[in-house]
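*Asks:* You'll find structure-v6.csv just under this line, and it carries CSV, C-alpha atoms.
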```csv
chain,number,residue,atom,x,y,z
A,47,MET,CA,4.0,-13.7,-19.5
A,48,LYS,CA,0.8,-12.8,-17.6
A,49,ALA,CA,0.5,-12.1,-13.9
A,50,LEU,CA,-2.2,-11.1,-11.4
A,51,ALA,CA,-1.5,-8.4,-8.8
A,52,ILE,CA,-4.0,-8.7,-5.9
A,53,THR,CA,-4.7,-5.6,-3.9
A,54,PHE,CA,-7.4,-4.3,-1.5
A,55,PRO,CA,-10.9,-3.9,-3.0
A,56,GLY,CA,-11.3,-0.3,-4.0
A,57,LEU,CA,-7.7,0.3,-4.8
A,58,THR,CA,-7.3,-1.5,-8.2
A,59,ASP,CA,-7.0,1.8,-10.1
A,60,VAL,CA,-4.1,2.8,-7.8
A,61,CYS,CA,-2.5,-0.6,-8.3
A,62,SER,CA,-2.9,-0.4,-12.1
A,63,ALA,CA,-1.4,3.1,-12.2
A,64,GLU,CA,1.6,2.0,-10.1
A,65,ILE,CA,2.3,-1.0,-12.3
A,66,LYS,CA,2.2,1.2,-15.4
A,67,GLU,CA,4.6,3.6,-13.7
A,68,LEU,CA,7.0,0.8,-12.7
A,69,ILE,CA,7.1,-1.3,-15.9
A,70,GLY,CA,5.1,0.6,-18.5
A,71,ALA,CA,2.4,-2.1,-18.7
A,72,SER,CA,-1.3,-1.3,-18.9
A,73,GLY,CA,-3.3,-3.8,-16.8
A,74,LYS,CA,-6.9,-5.0,-16.8
A,75,GLU,CA,-8.6,-4.3,-13.5
A,76,THR,CA,-10.7,-7.0,-11.7
A,77,THR,CA,-12.6,-6.5,-8.5
A,78,GLU,CA,-9.6,-7.2,-6.3
A,79,GLY,CA,-6.6,-7.0,-8.6
A,80,VAL,CA,-4.9,-6.2,-11.9
A,81,VAL,CA,-4.0,-8.6,-14.7
A,82,PHE,CA,-0.9,-7.4,-16.5
A,83,GLU,CA,1.8,-8.7,-18.9
A,84,GLY,CA,5.5,-8.4,-19.0
A,85,GLU,CA,8.8,-10.2,-19.1
A,86,LEU,CA,9.8,-12.2,-16.0
A,87,LYS,CA,12.1,-9.4,-14.8
A,88,ASP,CA,9.3,-6.9,-15.0
A,89,ILE,CA,6.9,-9.1,-13.0
A,90,PHE,CA,9.7,-9.6,-10.4
A,91,ALA,CA,10.1,-5.8,-10.3
A,92,VAL,CA,6.5,-5.4,-9.4
A,93,CYS,CA,6.9,-8.0,-6.6
A,94,TYR,CA,10.0,-6.2,-5.3
A,95,ILE,CA,9.0,-2.6,-5.5
A,96,ALA,CA,5.2,-2.1,-5.7
A,97,GLN,CA,3.6,-0.6,-2.6
A,98,SER,CA,-0.1,-1.1,-3.5
A,99,VAL,CA,0.2,-4.9,-4.1
A,100,ASN,CA,-0.8,-7.6,-1.6
A,101,ARG,CA,0.2,-10.6,-3.6
A,102,VAL,CA,1.5,-11.4,-7.2
A,103,ILE,CA,0.9,-14.7,-9.0
A,104,LEU,CA,2.3,-15.7,-12.3
A,105,LEU,CA,-0.7,-17.1,-14.1
A,106,VAL,CA,-0.7,-20.6,-15.5
A,107,SER,CA,-4.5,-21.0,-15.9
A,108,GLU,CA,-7.6,-19.0,-15.8
A,109,GLY,CA,-11.2,-19.3,-16.8
A,110,LYS,CA,-14.6,-20.4,-15.4
A,111,ILE,CA,-14.3,-22.3,-12.2
A,112,PRO,CA,-15.3,-25.8,-13.4
A,113,GLU,CA,-12.4,-25.7,-16.0
A,114,LEU,CA,-9.7,-25.3,-13.4
A,115,SER,CA,-6.4,-27.1,-14.4
A,116,ILE,CA,-2.6,-26.9,-14.1
A,117,PRO,CA,-0.5,-27.4,-17.2
A,118,PRO,CA,1.5,-30.7,-17.0
A,119,GLU,CA,4.9,-29.0,-17.1
A,120,TYR,CA,4.3,-27.6,-13.6
A,121,LEU,CA,3.4,-31.0,-12.1
A,122,LYS,CA,6.9,-32.6,-12.2
A,123,GLY,CA,7.6,-32.0,-8.5
A,124,THR,CA,5.5,-31.3,-5.4
A,125,ILE,CA,3.0,-28.5,-5.4
A,126,SER,CA,0.9,-26.6,-2.8
A,127,ILE,CA,-2.3,-24.7,-3.5
A,128,SER,CA,-3.4,-21.9,-1.2
A,129,GLY,CA,-6.0,-19.2,-1.7
A,130,LYS,CA,-9.3,-18.2,-0.3
A,131,THR,CA,-10.3,-20.8,2.2
A,132,THR,CA,-13.8,-21.6,1.0
A,133,THR,CA,-15.5,-24.9,0.3
A,134,LYS,CA,-15.5,-24.2,-3.4
A,135,ALA,CA,-11.7,-23.5,-3.5
A,136,ASN,CA,-10.9,-26.6,-1.5
A,137,GLU,CA,-13.0,-28.8,-3.8
A,138,LEU,CA,-11.3,-27.4,-6.8
A,139,ALA,CA,-7.8,-28.0,-5.3
A,140,GLU,CA,-8.7,-31.5,-4.5
A,141,ASN,CA,-9.7,-32.3,-8.1
A,142,ILE,CA,-6.2,-31.5,-9.3
A,143,LYS,CA,-4.2,-34.7,-9.8
A,144,ALA,CA,-0.8,-33.9,-8.5
A,145,ASN,CA,1.7,-34.6,-5.7
A,146,LYS,CA,0.4,-32.0,-3.3
A,147,VAL,CA,2.1,-31.0,0.0
A,148,TYR,CA,1.3,-28.3,2.5
A,149,LYS,CA,4.8,-27.0,3.1
A,150,ASN,CA,8.1,-26.6,1.2
A,151,ALA,CA,6.5,-27.4,-2.2
A,152,ASP,CA,8.7,-27.2,-5.3
A,153,VAL,CA,6.0,-24.9,-6.8
A,154,PRO,CA,3.6,-23.0,-4.6
A,155,PHE,CA,0.3,-22.1,-6.3
A,156,TYR,CA,-2.3,-19.6,-5.4
A,157,LEU,CA,-5.9,-19.8,-6.4
A,158,HIS,CA,-7.9,-16.6,-6.7
A,159,PHE,CA,-11.4,-16.3,-7.8
A,160,GLU,CA,-14.2,-13.7,-8.2
A,161,ASP,CA,-17.7,-14.9,-8.7
A,162,GLU,CA,-17.4,-17.8,-11.2
A,163,TYR,CA,-14.0,-16.9,-12.7
A,164,TYR,CA,-10.7,-18.1,-11.4
A,165,TRP,CA,-7.0,-17.3,-11.8
A,166,LEU,CA,-4.4,-19.9,-10.8
A,167,GLY,CA,-0.8,-19.0,-10.7
A,168,ILE,CA,2.6,-19.5,-9.1
A,169,ASP,CA,2.7,-17.6,-5.8
A,170,LEU,CA,5.6,-15.2,-6.3
A,171,THR,CA,5.3,-13.3,-3.1
A,172,ASP,CA,3.1,-14.7,-0.3
A,173,ASP,CA,1.1,-12.0,1.5
A,174,ILE,CA,3.2,-8.8,1.1
A,175,SER,CA,0.5,-6.4,2.5
A,176,LYS,CA,2.3,-6.6,5.8
A,177,ARG,CA,5.4,-4.4,6.3
A,178,ASP,CA,8.5,-5.5,8.1
A,179,TYR,CA,9.0,-2.0,9.4
A,180,ARG,CA,5.7,-2.1,11.4
A,181,ILE,CA,7.2,-3.1,14.7
A,182,PHE,CA,6.3,-0.2,16.9
A,183,VAL,CA,2.6,0.2,16.0
A,184,GLY,CA,0.6,1.0,19.2
A,185,SER,CA,-3.1,1.2,18.2
A,186,GLU,CA,-2.4,2.2,14.6
A,187,THR,CA,-3.8,-0.2,12.1
A,188,LEU,CA,-3.3,1.5,8.8
A,189,LYS,CA,-1.5,-0.9,6.3
A,190,GLY,CA,1.2,0.2,4.0
A,191,GLY,CA,-0.8,-0.3,0.8
A,192,THR,CA,-3.6,1.9,2.1
A,193,ALA,CA,-1.2,4.5,3.3
A,194,PHE,CA,0.4,4.5,-0.2
A,195,ALA,CA,-2.9,4.8,-1.9
A,196,VAL,CA,-4.2,7.9,0.0
A,197,MET,CA,-0.8,9.5,-0.5
A,198,LYS,CA,-0.9,9.0,-4.2
A,199,LEU,CA,-4.5,10.1,-4.5
A,200,ALA,CA,-3.5,13.3,-2.8
A,201,GLY,CA,-1.1,14.0,-5.6
A,202,PHE,CA,2.2,13.4,-3.8
A,203,ASP,CA,5.4,13.0,-5.8
A,204,SER,CA,9.1,13.3,-5.0
A,205,LYS,CA,9.3,17.0,-5.7
A,206,LYS,CA,6.5,17.9,-3.3
A,207,LYS,CA,6.4,18.6,0.5
A,208,LEU,CA,4.1,16.3,2.5
A,209,ILE,CA,3.2,16.4,6.1
A,210,ASP,CA,1.3,14.0,8.3
A,211,PRO,CA,0.1,15.9,11.3
A,212,ASN,CA,-1.1,12.8,13.1
A,213,CYS,CA,1.6,10.3,12.3
A,214,ARG,CA,0.6,7.6,14.7
A,215,ALA,CA,3.2,4.8,13.8
A,216,GLY,CA,4.3,6.4,10.6
A,217,SER,CA,2.8,4.4,7.8
A,218,ILE,CA,1.9,7.4,5.6
A,219,ALA,CA,5.2,9.2,6.1
A,220,ILE,CA,7.3,6.0,5.6
A,221,GLU,CA,5.4,5.0,2.4
A,222,ALA,CA,5.8,8.5,1.0
A,223,ALA,CA,9.5,8.4,1.7
A,224,LEU,CA,9.9,5.0,0.2
A,225,TYR,CA,8.1,6.1,-2.9
A,226,ALA,CA,10.0,9.4,-3.2
A,227,MET,CA,13.4,7.7,-2.8
A,228,LYS,CA,12.5,4.8,-5.1
A,229,PHE,CA,13.5,2.6,-2.3
A,230,PRO,CA,12.1,-0.9,-2.8
A,231,VAL,CA,9.7,-1.7,0.0
A,232,ARG,CA,11.1,-5.3,0.1
A,233,HIS,CA,14.8,-4.2,0.0
A,234,TYR,CA,15.6,-6.1,3.2
A,235,PHE,CA,13.5,-9.0,2.2
A,236,LYS,CA,15.4,-10.2,-0.9
A,237,ASP,CA,16.4,-13.6,0.2
A,238,LYS,CA,12.9,-14.4,1.5
A,239,MET,CA,11.0,-13.7,-1.7
A,240,PRO,CA,9.3,-16.9,-2.8
A,241,PHE,CA,10.1,-16.4,-6.5
A,242,THR,CA,13.8,-16.8,-5.8
A,243,LYS,CA,13.1,-20.4,-4.7
A,244,VAL,CA,11.1,-21.3,-7.8
A,245,PHE,CA,13.1,-19.7,-10.5
A,246,LYS,CA,16.6,-20.9,-9.4
A,247,GLU,CA,18.2,-20.3,-12.8
A,248,PHE,CA,17.3,-16.6,-12.9
A,249,ASP,CA,20.2,-14.2,-12.2
A,250,PHE,CA,18.7,-12.5,-9.1
A,251,GLU,CA,22.0,-10.9,-8.1
A,252,LYS,CA,22.1,-9.0,-11.3
A,253,PHE,CA,18.4,-8.2,-11.1
A,254,TYR,CA,18.6,-6.7,-7.6
A,255,THR,CA,21.7,-4.8,-8.4
A,256,GLU,CA,19.9,-3.2,-11.4
A,257,GLN,CA,16.8,-2.4,-9.4
A,258,ASP,CA,18.7,-0.8,-6.5
A,259,LYS,CA,20.6,1.6,-8.8
A,260,SER,CA,17.4,3.7,-8.8
A,261,ILE,CA,17.5,4.4,-5.1
A,262,LYS,CA,18.0,8.1,-4.5
A,263,GLU,CA,20.4,9.6,-1.9
A,264,SER,CA,17.9,12.4,-1.1
A,265,ILE,CA,14.7,13.8,-2.4
A,266,PRO,CA,13.9,17.3,-3.8
A,267,GLY,CA,10.8,17.7,-1.7
A,268,SER,CA,10.4,16.5,1.9
A,269,VAL,CA,8.3,14.3,4.1
A,270,ILE,CA,7.5,15.4,7.6
A,271,ALA,CA,5.9,13.3,10.4
A,272,LEU,CA,4.2,15.2,13.2
A,273,SER,CA,2.2,14.4,16.3
A,274,ASP,CA,1.4,16.0,19.6
A,275,GLN,CA,2.1,12.7,21.2
A,276,PHE,CA,5.8,12.0,21.8
A,277,PRO,CA,5.4,8.1,21.7
A,278,SER,CA,3.9,8.4,18.2
A,279,VAL,CA,6.9,10.5,17.0
A,280,GLN,CA,9.3,8.0,18.5
A,281,ALA,CA,7.5,5.0,17.1
A,282,THR,CA,7.5,6.6,13.6
A,283,ARG,CA,11.2,7.3,13.9
A,284,LYS,CA,12.0,3.8,14.9
A,285,ASN,CA,9.9,2.2,12.2
A,286,ALA,CA,11.5,4.6,9.6
A,287,LYS,CA,14.9,3.4,10.7
A,288,ILE,CA,13.8,-0.2,10.3
A,289,ALA,CA,12.5,0.6,6.8
A,290,GLY,CA,15.9,2.2,5.9
A,291,ILE,CA,14.6,5.7,5.1
A,292,VAL,CA,14.9,7.5,8.5
A,293,LYS,CA,17.1,10.2,6.9
A,294,ALA,CA,14.4,11.1,4.4
A,295,ILE,CA,11.8,12.1,7.0
A,296,ASP,CA,11.7,15.0,9.4
A,297,PHE,CA,10.2,14.3,12.8
A,298,SER,CA,8.6,16.8,15.2
A,299,ARG,CA,6.4,16.8,18.2
A,300,THR,CA,3.9,19.5,17.1
A,301,SER,CA,0.1,19.8,17.6
A,302,VAL,CA,-2.3,20.8,14.9
A,303,ASP,CA,-2.9,24.1,16.7
A,304,TRP,CA,0.8,25.1,16.0
A,305,LEU,CA,0.9,24.2,12.3
A,306,ASP,CA,0.7,27.8,11.1
A,307,PHE,CA,3.6,28.7,13.4
A,308,LYS,CA,5.8,25.8,12.3
A,309,PHE,CA,5.3,26.2,8.5
A,310,GLU,CA,5.2,29.2,6.2
A,311,LYS,CA,2.0,30.3,4.6
A,312,ASN,CA,1.2,28.4,1.4
A,313,SER,CA,4.3,26.2,1.7
A,314,ILE,CA,2.8,22.6,1.9
A,315,ASP,CA,1.8,20.6,-1.2
A,316,CYS,CA,0.0,17.7,0.5
A,317,ILE,CA,-1.4,17.1,4.0
A,318,VAL,CA,-2.1,13.4,4.3
A,319,SER,CA,-3.2,11.7,7.5
A,320,GLN,CA,-5.2,9.1,9.4
A,321,PRO,CA,-6.8,11.8,11.6
A,322,VAL,CA,-8.4,11.6,15.1
A,323,GLU,CA,-11.5,9.6,14.6
A,324,MET,CA,-14.9,10.1,16.1
A,325,THR,CA,-15.8,7.3,18.5
A,326,LYS,CA,-18.6,6.7,21.0
A,327,ASN,CA,-16.3,7.8,23.9
A,328,PHE,CA,-15.1,11.0,22.1
A,329,PRO,CA,-17.1,14.1,23.2
A,330,PRO,CA,-18.9,15.4,20.0
A,331,ALA,CA,-18.1,19.0,20.9
A,332,LYS,CA,-14.4,18.3,21.3
A,333,PHE,CA,-14.3,16.4,18.1
A,334,SER,CA,-16.0,19.2,16.2
A,335,LYS,CA,-13.5,21.7,17.6
A,336,LEU,CA,-10.5,19.6,16.6
A,337,SER,CA,-11.7,18.8,13.1
A,338,SER,CA,-12.5,22.5,12.4
A,339,LEU,CA,-9.2,23.6,13.8
A,340,PHE,CA,-7.4,21.1,11.5
A,341,PHE,CA,-9.0,22.6,8.3
A,342,GLU,CA,-8.3,26.2,9.6
A,343,ARG,CA,-4.6,25.5,10.0
A,344,ALA,CA,-4.5,23.5,6.7
A,345,LYS,CA,-5.9,26.4,4.8
A,346,THR,CA,-3.1,28.7,6.0
A,347,ILE,CA,-0.2,26.4,5.2
A,348,LEU,CA,-1.4,24.6,2.1
A,349,LYS,CA,-0.4,25.8,-1.4
A,350,LYS,CA,-3.1,27.1,-3.7
A,351,ASN,CA,-3.2,23.8,-5.6
A,352,GLY,CA,-2.5,21.6,-2.6
A,353,LYS,CA,-4.6,18.7,-1.4
A,354,ILE,CA,-5.6,17.1,1.8
A,355,GLY,CA,-6.0,13.3,1.9
A,356,LEU,CA,-7.7,11.7,4.9
A,357,VAL,CA,-8.2,7.9,5.5
A,358,LEU,CA,-10.4,6.8,8.4
A,359,ARG,CA,-12.9,4.3,9.5
A,360,GLN,CA,-15.5,6.6,11.0
A,361,GLY,CA,-16.3,10.3,11.1
A,362,ALA,CA,-16.1,11.0,7.4
A,363,GLU,CA,-19.3,13.0,7.3
A,364,GLU,CA,-18.2,15.0,10.3
A,365,TYR,CA,-14.9,15.9,8.6
A,366,LYS,CA,-16.7,16.9,5.4
A,367,ALA,CA,-18.9,19.2,7.4
A,368,ALA,CA,-15.9,20.7,9.2
A,369,ALA,CA,-14.0,21.4,5.9
A,370,LYS,CA,-14.9,25.1,5.5
A,371,GLY,CA,-13.3,26.5,2.4
A,372,PHE,CA,-12.6,23.1,0.9
A,373,THR,CA,-14.5,20.8,-1.4
A,374,VAL,CA,-14.5,17.1,-1.5
A,375,GLU,CA,-12.6,16.4,-4.8
A,376,HIS,CA,-12.7,12.6,-4.4
A,377,GLU,CA,-14.3,10.1,-2.1
A,378,ARG,CA,-14.1,6.3,-2.0
A,379,THR,CA,-14.7,3.3,0.2
A,380,ILE,CA,-12.1,0.6,0.4
A,381,MET,CA,-11.7,-2.7,2.2
A,382,GLN,CA,-8.6,-3.3,4.3
A,383,GLY,CA,-9.1,-6.9,5.3
A,384,LYS,CA,-12.7,-7.1,6.7
A,385,GLU,CA,-12.7,-3.4,7.7
A,386,GLU,CA,-14.3,-0.7,5.7
A,387,TRP,CA,-12.3,2.5,5.3
A,388,LYS,CA,-13.1,5.9,3.7
A,389,ILE,CA,-10.6,7.9,1.7
A,390,LEU,CA,-11.4,11.6,1.3
A,391,ILE,CA,-9.4,14.0,-0.9
A,392,PHE,CA,-10.0,17.8,-0.3
A,393,SER,CA,-9.0,20.8,-2.4
A,394,GLU,CA,-9.7,24.5,-2.2
```
Could you render the structure as structure tokens?
*Replies:*
Amino acid sequence: MKALAITFPGLTDVCSAEIKELIGASGKETTEGVVFEGELKDIFAVCYIAQSVNRVILLVSEGKIPELSIPPEYLKGTISISGKTTTKANELAENIKANKVYKNADVPFYLHFEDEYYWLGIDLTDDISKRDYRIFVGSETLKGGTAFAVMKLAGFDSKKKLIDPNCRAGSIAIEAALYAMKFPVRHYFKDKMPFTKVFKEFDFEKFYTEQDKSIKESIPGSVIALSDQFPSVQATRKNAKIAGIVKAIDFSRTSVDWLDFKFEKNSIDCIVSQPVEMTKNFPPAKFSKLSSLFFERAKTILKKNGKIGLVLRQGAEEYKAAAKGFTVEHERTIMQGKEEWKILIFSE
């Protein structure tokens, strides 16, 4: 069977690598997704576990836009068709002769297209870019998939020690802990997954039992969430508890200035964060001091082959200028919704 995993533009390689890690399937990248093949249980595993995926559809038709169609075997009951809300998409959906409803359809379809090519499939997940644990968020806007991507690009795995020195509401630390523990990001969302309503004859109890056997009691490395703001530490702790992995994260109210006192020299594998960003109201001199201090402390505690991963909306050039003793190993622009974000990976 063939499926399309949709992700944020700029993260298709991360999504493809995660799918291969999960089910061993090599996918074909598009602008906004990855087309891959596998048995139904493998596709469901991607839906249940994958952290870089925003939506998964089980493909029933693809091709150039004028050729859009749905195989007759899927038209026996009611259907719904959602997708990008454009005039073109609406016209295509209207041309399909079927018993269409807006809610509670027997088979929910999703239409995705890029340029003049479309993919139409059964919507297995709805929008899963949102995380149930993001309850205490404050002004933090980093989504789980983006947090997962920067953490992976910084080389984190379950045996390494990762710190986020500006944890905000905890997205990076929580995604790292979920990944390290092999804890399905939708573990508490089992009964609400749309594919359970469409594929009623599939043994989901057995499927979930098999998937959950991989969950680890503890991890060899460690994940540490830090902030000099007590509300951020508390929000991260509460969100981690909701996510079910609070015991896998260490929490501490610590400022960047004290990192070299809290951690031993050359003891950290990955420093990953959404740092303080430069804004119009932020005094340039203060920002320059903070960004330079960050790299000074990072140089002391980071291992020789360690990496720094930063994700931010603005101030990328200023952070690159402040990174004395580091080189930019990787840089990319991604889209999180309609917002443009930068990911920077530094190494010594």
*Asks:* CA of Phe253 (chain A) and CA of Tyr225 (chain A), how far apart in Å?
*Replies:*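 Calculated distance between CA of Tyr225 (chain A) and CA of Phe253 (chain A) is 19.4 Å.
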*Asks:* Can you measure CA of Val292 (chain A) to CA of Ile265 (chain A) for me? One decimal in Å is fine.
*Replies:*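 Value for the CA of Val292 (chain A)-CA of Ile265 (chain A) distance: 12.6 Å.
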*Asks:* For Arg180 (chain A), which of A:Leu339, A:Leu356, A:Ile125, A:Ile218 is the closest residue, counting all atoms listed in the file?
*Replies:*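 Result for the nearest residue to Arg180 (chain A): A:Ile218.
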*Asks:* Choose the residue, out of A:Ile127, A:Leu336, A:Ala49, A:Cys61, that has the smallest atom-to-atom separation from Val99 (chain A); count all atoms listed in the file.
*Replies:*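 Going through A:Ile127, A:Leu336, A:Ala49, A:Cys61 one by one, the smallest distance to Val99 (chain A) is for A:Cys61.
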*Asks:* What gap, in Å, lies between CA of Cys316 (chain A) and CA of Leu208 (chain A)?
*Replies:*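 Interatomic distance here is 4.8 Å.
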*Asks:* Set the distance at 8 Å and use all atoms listed in the file: which residues neighbour Ala215 (chain A) once local chain neighbours fewer than 2 positions away are removed? I'd like the list as a PyMOL selection string.
*Replies:* chain A and resi 180+182-184+186+213+217+278-279+281-282+285
*Asks:* Take the selection from the previous step and output its residues with C-alpha atoms, as a compact mmCIF listing (two decimals), in the coordinates of the input.
*Replies:*
```
# COMPACT_ATOMS: atom_id res chain seq x y z
CA ARG A 180 5.70 -2.10 11.40
CA PHE A 182 6.30 -0.20 16.90
CA VAL A 183 2.60 0.20 16.00
CA GLY A 184 0.60 1.00 19.20
CA GLU A 186 -2.40 2.20 14.60
CA CYS A 213 1.60 10.30 12.30
CA SER A 217 2.80 4.40 7.80
CA SER A 278 3.90 8.40 18.20
CA VAL A 279 6.90 10.50 17.00
CA ALA A 281 7.50 5.00 17.10
CA THR A 282 7.50 6.60 13.60
CA ASN A 285 9.90 2.20 12.20
```
*Asks:* Hey, what's within 9 Å of Tyr94 (chain A) if we count all atoms listed in the file and toss same-chain stuff fewer than 2 positions away? As a list in words, please?
*Replies:*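 In the requested form, the answer reads Ile89, Phe90, Ala91, Val92, Ala96, Gln97, Thr171, Pro230, Val231, Arg232, His233, Phe235, Lys236, Met239, Tyr254 and Gln257 of chain A.
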*Asks:* Pick out the residues sitting within 9 Å of Leu121 (chain A), and hand them over as a PyMOL selection string; count only C-alpha atoms, and ignore anything fewer than 3 positions along from it in its own chain.
*Replies:* chain A and resi 116-118+124-125+143-145+153
*Asks:* Would you pick out the contacts of Ile168 (chain A) at 7 Å or less, using all atoms listed in the file, so that residues sharing its chain but fewer than 2 positions from it are not included, and give the list as a PyMOL selection string?
*Replies:* chain A and resi 103-105+153-156+170
*Asks:* Which residue gives the smallest distance to Phe341 (chain A) among A:Pro321, A:Pro266, A:Gly167, A:Pro329, with only C-alpha atoms counted?
*Replies:* A:Pro321
*Asks:* Enumerate, as a list in words, the protein, DNA and RNA residues whose atoms approach (0.2, 3.1, -7.4) to within 7 Å, taking into account all atoms listed in the file and the coordinate frame of the file.
*Replies:* Val60, Cys61, Ser62, Ala63, Glu64, Ile65, Gln97, Ser98, Ala195 and Lys198 of chain A
*Asks:* Using only C-alpha atoms, which of the listed residues (A:Phe372, A:Phe248, A:Phe82, A:Phe328) sits closest to Ile69 (chain A)?
*Replies:*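 Under the stated criterion, the closest residue is A:Phe82.
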*Asks:* Would you mind listing what lies within 12 Å of Thr58 (chain A) as a list in words, with only C-alpha atoms counted and same-chain residues fewer than 4 positions away left out?
*Replies:* Leu50, Ala51, Ile52, Thr53, Phe54, Ser62, Ala63, Glu64, Ile65, Gly73, Lys74, Glu75, Thr76, Thr77, Glu78, Gly79, Val80, Val81, Ser98, Val99, Asn100, Gly191, Thr192, Ala195, Ile380 and Met381 of chain A
